[in-house]
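**Student:** Structure below; questions to follow.
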Amino acid sequence: MQHYSRFAPLAERYSGFILDLWGVIHDGINAFPHAVETLRRLRAAGKRTLLLSNVPRPNDAAQTMMRRMGIEDSLYTGILTSGEAVRRALRNPPDLWWAELGPRVFHLGPDRDRPVLEGLPLVLAPHPAEADFVLNTGPDDHRNPSNIEEFEPVLVDCARHRLKMICANPDLEVIRGGGRVLCAGALAVRYQELGGDVRSLGKPDPAIYQPVLEQLGLPPAEVLAVGDSLRTDIAGAVGVDLAACWVLDGIHGAAVKDAAGLFDTTAAEAVADEAGVRPVATVPRFAW
């Protein structure tokens with residue numbers, strides 16, 4: 001594992017980049033100015049960049065949010081969200097599990113994630129008892145982001161009716177505006193503990209990387225994945241034999257800083273070893 005103070009040396013080594021959003025490009029509210037500048041530099045250097053995010057909304061919804069942050073479409077080559085992957089799987093079922101879901105869906109998540117279902121031949125069910133399956137897009141982080149216990153009754157109800165669950169965001173938590181918020185992945189883990197049948201689309205699922213690599217149009221050896229989560233971004237890339245760069249100032253930031261608040265590369269290597277993954281490099285931030 002090599003430790004860099006900036007991203008420029010890595011930019012020279014690869015032709016294409018798979019970039020995480022939350023924790024790398026923005027914090028869910030504001031874009032990181034250093035990340036926007038790095039995107040500009042990569043574009044100017046003729047590099048190909050694809051944004052791969054576990055956000056439970058379609059591509060266009062994620063892009064609309066980024067435009068409001070000042071992240072222009074022209075700064076990157078392409079985008080794929082886990083919400084978009086869910087839409088595609090519901091429209092064209094990839095296997096029997098998806099094909100047998102049924103038309104009635106109970107949505108466990110905030111209304112802002114409903115675009116995942118728009119235009120699909122599905123009917124929203126108001127209660128689990130009336131549904132064929134459940135779409136989990138995660139808690140409403142504007143309401144009560146950290147209390148998973150409040151979701152226990154609805155998860156138990158879904159399990160009682162033996163509903164299959166689609167998890168549209170495998171993240172357990174993210175940092176939004178400086179605070180940690182619960183994600184759909186945490187609810188999916190609890191649902192599995194209750195005996196529920198769950199399919200998650202997004203990182204670290206190997207299937208999410210095939211359309212990404214096709215869109216980049218580059219040999220895997222020329223591609224570097226960049227992310228802040230060892231569990232999703234780094235493990236997902238390593239699982240499909242892609243080189244990965246770990247951005248330290250993200251979800252694991254507190255665990256890899258010393259008493260003075262500086263990044264400790266020895267601690268970072270220990271944390272990565274404990275997670276069972278080995279990125280090829282680390283950078284403090286996605287900064288040129």
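We label chains A, B, ... in the order they appear in the structure tokens, count residues from 1 in each chain, and number ligands from 1 in the order shown.
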Tell me, which residues of region 9-242 of chain A carry DSSP helix (DSSP H, G or I), written as a VMD selection string?

**Tutor:** chain A and resid 9 to 13 33 to 44 59 to 69 73 to 75 82 to 91 96 to 99 111 to 116 128 to 130 148 to 160 184 to 193 206 to 216 220 to 222 230 to 239

**Student:** Which residues are near Arg176 (chain A)? Cut-off 8 Å, only C-alpha atoms, ignore same chain within fewer than 5 positions. Put them as number ranges by chain.

**Tutor:** A: 27-29, 181

**Student:** Any chance you could export the current selection's all heavy atoms as a PDB file, in the first residue's frame?

**Tutor:**
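Saved file selection25.pdb follows:
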ATOM      1  N   ASP A  27     -20.504  15.751   0.317  1.00  0.00           N
ATOM      2  CA  ASP A  27     -20.925  15.190   1.606  1.00  0.00           C
ATOM      3  C   ASP A  27     -22.438  15.065   1.714  1.00  0.00           C
ATOM      4  O   ASP A  27     -22.991  14.964   2.817  1.00  0.00           O
ATOM      5  CB  ASP A  27     -20.385  16.040   2.764  1.00  0.00           C
ATOM      6  CG  ASP A  27     -21.018  17.435   2.837  1.00  0.00           C
ATOM      7  OD1 ASP A  27     -21.816  17.789   1.927  1.00  0.00           O
ATOM      8  OD2 ASP A  27     -20.726  18.170   3.799  1.00  0.00           O
ATOM      9  N   GLY A  28     -23.113  15.056   0.561  1.00  0.00           N
ATOM     10  CA  GLY A  28     -24.566  14.964   0.553  1.00  0.00           C
ATOM     11  C   GLY A  28     -25.250  16.312   0.564  1.00  0.00           C
ATOM     12  O   GLY A  28     -26.441  16.407   0.254  1.00  0.00           O
ATOM     13  N   ILE A  29     -24.515  17.353   0.928  1.00  0.00           N
ATOM     14  CA  ILE A  29     -25.064  18.716   0.958  1.00  0.00           C
ATOM     15  C   ILE A  29     -24.231  19.649   0.091  1.00  0.00           C
ATOM     16  O   ILE A  29     -24.757  20.398  -0.728  1.00  0.00           O
ATOM     17  CB  ILE A  29     -25.122  19.250   2.402  1.00  0.00           C
ATOM     18  CG1 ILE A  29     -26.037  18.372   3.263  1.00  0.00           C
ATOM     19  CG2 ILE A  29     -25.626  20.698   2.411  1.00  0.00           C
ATOM     20  CD1 ILE A  29     -26.071  18.769   4.728  1.00  0.00           C
ATOM     21  N   VAL A 181     -25.211   9.317   9.261  1.00  0.00           N
ATOM     22  CA  VAL A 181     -26.622   8.982   9.093  1.00  0.00           C
ATOM     23  C   VAL A 181     -26.744   7.528   8.660  1.00  0.00           C
ATOM     24  O   VAL A 181     -25.898   6.989   7.954  1.00  0.00           O
ATOM     25  CB  VAL A 181     -27.320   9.907   8.069  1.00  0.00           C
ATOM     26  CG1 VAL A 181     -27.294  11.352   8.532  1.00  0.00           C
ATOM     27  CG2 VAL A 181     -26.682   9.787   6.700  1.00  0.00           C
TER      28      VAL A 181
END

**Student:** Using Å and a single decimal, report how far CA of Trp97 (chain A) sits from CA of Pro121 (chain A).

**Tutor:**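 A separation of 17.1 Å between them.
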
**Student:** Mind checking DSSP for region 76-253 of chain A and telling me the strand (DSSP E) residues as a ChimeraX atom specification?

**Tutor:** /A:78-81,104-108,123-124,133-136,164-167,173-176,179-182,198-200,223-227,243-247

**Student:** Set the distance at 9 Å and use only C-alpha atoms: which residues neighbour region 39-41 of chain A once local chain neighbours fewer than 5 positions away are removed? I'd like the list as a list of chain:residue names.

**Tutor:**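 In the requested form, the answer reads A:Ala8, A:Ile25, A:His34, A:Gly46, A:Lys47, A:Thr49, A:Leu75, A:Tyr76, A:Trp288.
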
**Student:** Go ahead and save the residues from that selection, with C-alpha atoms, as an mmCIF file, in the first residue's frame.

**Tutor:**
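result-v7.cif written:
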data_model
loop_
_atom_site.group_PDB
_atom_site.id
_atom_site.type_symbol
_atom_site.label_atom_id
_atom_site.label_comp_id
_atom_site.auth_asym_id
_atom_site.auth_seq_id
_atom_site.Cartn_x
_atom_site.Cartn_y
_atom_site.Cartn_z
ATOM 1 C CA ALA A 8 -1.947 13.800 -9.173
ATOM 2 C CA ILE A 25 -16.880 14.263 -4.318
ATOM 3 C CA HIS A 34 -10.803 20.174 -4.010
ATOM 4 C CA GLY A 46 -8.185 13.352 -21.194
ATOM 5 C CA LYS A 47 -8.944 10.824 -18.458
ATOM 6 C CA THR A 49 -14.240 9.143 -15.097
ATOM 7 C CA LEU A 75 -16.868 17.191 -15.408
ATOM 8 C CA TYR A 76 -17.288 13.412 -15.674
ATOM 9 C CA TRP A 288 -5.021 17.160 -6.963
#

**Student:** Please identify all polymer residues within 7 Å of Trp246 (chain A), counting only C-alpha atoms, omitting same-chain residues fewer than 2 positions from it, and present them as a list in words.

**Tutor:**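 Listed by chain and then number, they are Val226, Gly227, Asp228, Ile234, Ala244, Leu248, Pro279, Ala281, Thr282 and Val283 of chain A.
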
**Student:** Do a neighbour search on Val36 (chain A) at 12 Å with only C-alpha atoms, toss out local chain neighbours closer than 4 positions, and write the hits as a list in words.

**Tutor:**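 Everything that qualifies: Leu21, Val24, Ile25, His26, Asn30, Ala31, Phe32, Arg40, Arg41, Leu42, Arg43, Met66, Arg67, Met69, Gly70, Ile71, Glu72, Asp73, Ser74, Leu75, Tyr76, Arg285, Phe286, Ala287 and Trp288 of chain A.
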
**Student:** Env of Leu213 (chain A): 9 Å cut, atoms = only C-alpha atoms, seq-sep filter 4 positions within chain, self excluded. Answer as a PyMOL selection string.

**Tutor:** chain A and resi 18+50+209+217-220+223

**Student:** Using only C-alpha atoms, which of A:Phe17, A:Phe7, A:Trp22, A:Phe151 sits nearest Val212 (chain A)?

**Tutor:**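 Nearest candidate to Val212 (chain A) out of A:Phe17, A:Phe7, A:Trp22, A:Phe151: A:Phe17.
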
**Student:** For CA of Asp95 (chain A) and CA of Gln63 (chain A), determine how far apart the two atoms are, in Å to one decimal place.

**Tutor:**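 Computed distance, CA of Asp95 (chain A) to CA of Gln63 (chain A), equals 29.0 Å.
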
**Student:** CA of Gly179 (chain A) and CA of Ala254 (chain A), how far apart in Å?

**Tutor:**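 Taking CA of Ala254 (chain A) as the start and CA of Gly179 (chain A) as the end point, the length is 12.2 Å.
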
**Student:** Write out as a list of chain:residue names the residues lying within 9 Å of Arg162 (chain A), counting only C-alpha atoms and excluding same-chain residues fewer than 2 positions away.

**Tutor:**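 The contact residues come out as A:Asp132, A:Phe133, A:Asp157, A:Cys158, A:Ala159, A:Arg160, A:Lys164, A:Gly195, A:Gly196, A:Asp197.
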
**Student:** Emit the selected residues as a short mmCIF file (atom, residue, chain, number, x, y, z; two decimals), in the first residue's frame, including all heavy atoms.

**Tutor:**
data_model
loop_
_atom_site.label_atom_id
_atom_site.label_comp_id
_atom_site.auth_asym_id
_atom_site.auth_seq_id
_atom_site.Cartn_x
_atom_site.Cartn_y
_atom_site.Cartn_z
N ASP A 132 -46.23 -7.51 -2.29
CA ASP A 132 -45.53 -8.72 -2.74
C ASP A 132 -44.06 -8.69 -2.36
O ASP A 132 -43.43 -9.73 -2.19
CB ASP A 132 -45.65 -8.86 -4.27
CG ASP A 132 -47.09 -9.01 -4.72
OD1 ASP A 132 -47.81 -9.83 -4.14
OD2 ASP A 132 -47.49 -8.30 -5.67
N PHE A 133 -43.49 -7.49 -2.27
CA PHE A 133 -42.10 -7.34 -1.88
C PHE A 133 -41.90 -5.95 -1.30
O PHE A 133 -42.79 -5.09 -1.38
CB PHE A 133 -41.14 -7.59 -3.05
CG PHE A 133 -41.17 -6.55 -4.14
CD1 PHE A 133 -40.21 -5.54 -4.19
CD2 PHE A 133 -42.14 -6.57 -5.15
CE1 PHE A 133 -40.21 -4.58 -5.20
CE2 PHE A 133 -42.15 -5.63 -6.17
CZ PHE A 133 -41.18 -4.62 -6.19
N ASP A 157 -42.82 -6.73 10.64
CA ASP A 157 -44.05 -6.92 9.88
C ASP A 157 -43.76 -7.45 8.47
O ASP A 157 -44.43 -8.36 7.98
CB ASP A 157 -44.79 -5.58 9.79
CG ASP A 157 -46.25 -5.74 9.39
OD1 ASP A 157 -46.77 -6.89 9.45
OD2 ASP A 157 -46.88 -4.74 9.02
N CYS A 158 -42.73 -6.89 7.83
CA CYS A 158 -42.34 -7.38 6.50
C CYS A 158 -41.88 -8.83 6.57
O CYS A 158 -42.21 -9.65 5.71
CB CYS A 158 -41.22 -6.51 5.93
SG CYS A 158 -41.71 -4.84 5.44
N ALA A 159 -41.11 -9.17 7.61
CA ALA A 159 -40.63 -10.54 7.76
C ALA A 159 -41.78 -11.50 8.03
O ALA A 159 -41.78 -12.63 7.54
CB ALA A 159 -39.60 -10.60 8.89
N ARG A 160 -42.76 -11.04 8.80
CA ARG A 160 -43.92 -11.88 9.11
C ARG A 160 -44.68 -12.26 7.84
O ARG A 160 -45.21 -13.38 7.71
CB ARG A 160 -44.84 -11.16 10.09
CG ARG A 160 -46.07 -11.98 10.48
CD ARG A 160 -46.79 -11.42 11.69
NE ARG A 160 -47.14 -10.01 11.52
CZ ARG A 160 -46.63 -9.02 12.26
NH1 ARG A 160 -45.73 -9.30 13.18
NH2 ARG A 160 -47.01 -7.79 12.06
N LYS A 164 -39.82 -10.53 0.14
CA LYS A 164 -38.47 -10.34 -0.35
C LYS A 164 -38.13 -8.85 -0.26
O LYS A 164 -39.00 -8.00 -0.46
CB LYS A 164 -38.32 -10.80 -1.79
CG LYS A 164 -38.49 -12.29 -2.01
CD LYS A 164 -38.36 -12.64 -3.49
CE LYS A 164 -38.50 -14.13 -3.74
NZ LYS A 164 -38.40 -14.44 -5.19
N GLY A 195 -34.52 -13.18 9.38
CA GLY A 195 -34.83 -14.27 8.46
C GLY A 195 -35.28 -13.82 7.10
O GLY A 195 -35.70 -14.64 6.27
N GLY A 196 -35.18 -12.52 6.82
CA GLY A 196 -35.64 -11.99 5.54
C GLY A 196 -34.70 -12.31 4.39
O GLY A 196 -33.50 -12.47 4.57
N ASP A 197 -35.27 -12.38 3.19
CA ASP A 197 -34.55 -12.65 1.95
C ASP A 197 -34.23 -11.32 1.28
O ASP A 197 -35.13 -10.58 0.89
CB ASP A 197 -35.42 -13.52 1.04
CG ASP A 197 -34.72 -13.96 -0.24
OD1 ASP A 197 -33.53 -13.66 -0.39
OD2 ASP A 197 -35.38 -14.59 -1.08
#

**Student:** For Leu90 (chain A), which residue out of A:Ala61, A:Leu120, A:Leu216, A:Ala272 is the nearest one, using only C-alpha atoms?

**Tutor:**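 Ranking A:Ala61, A:Leu120, A:Leu216, A:Ala272 by distance to Leu90 (chain A), first place goes to A:Leu120.
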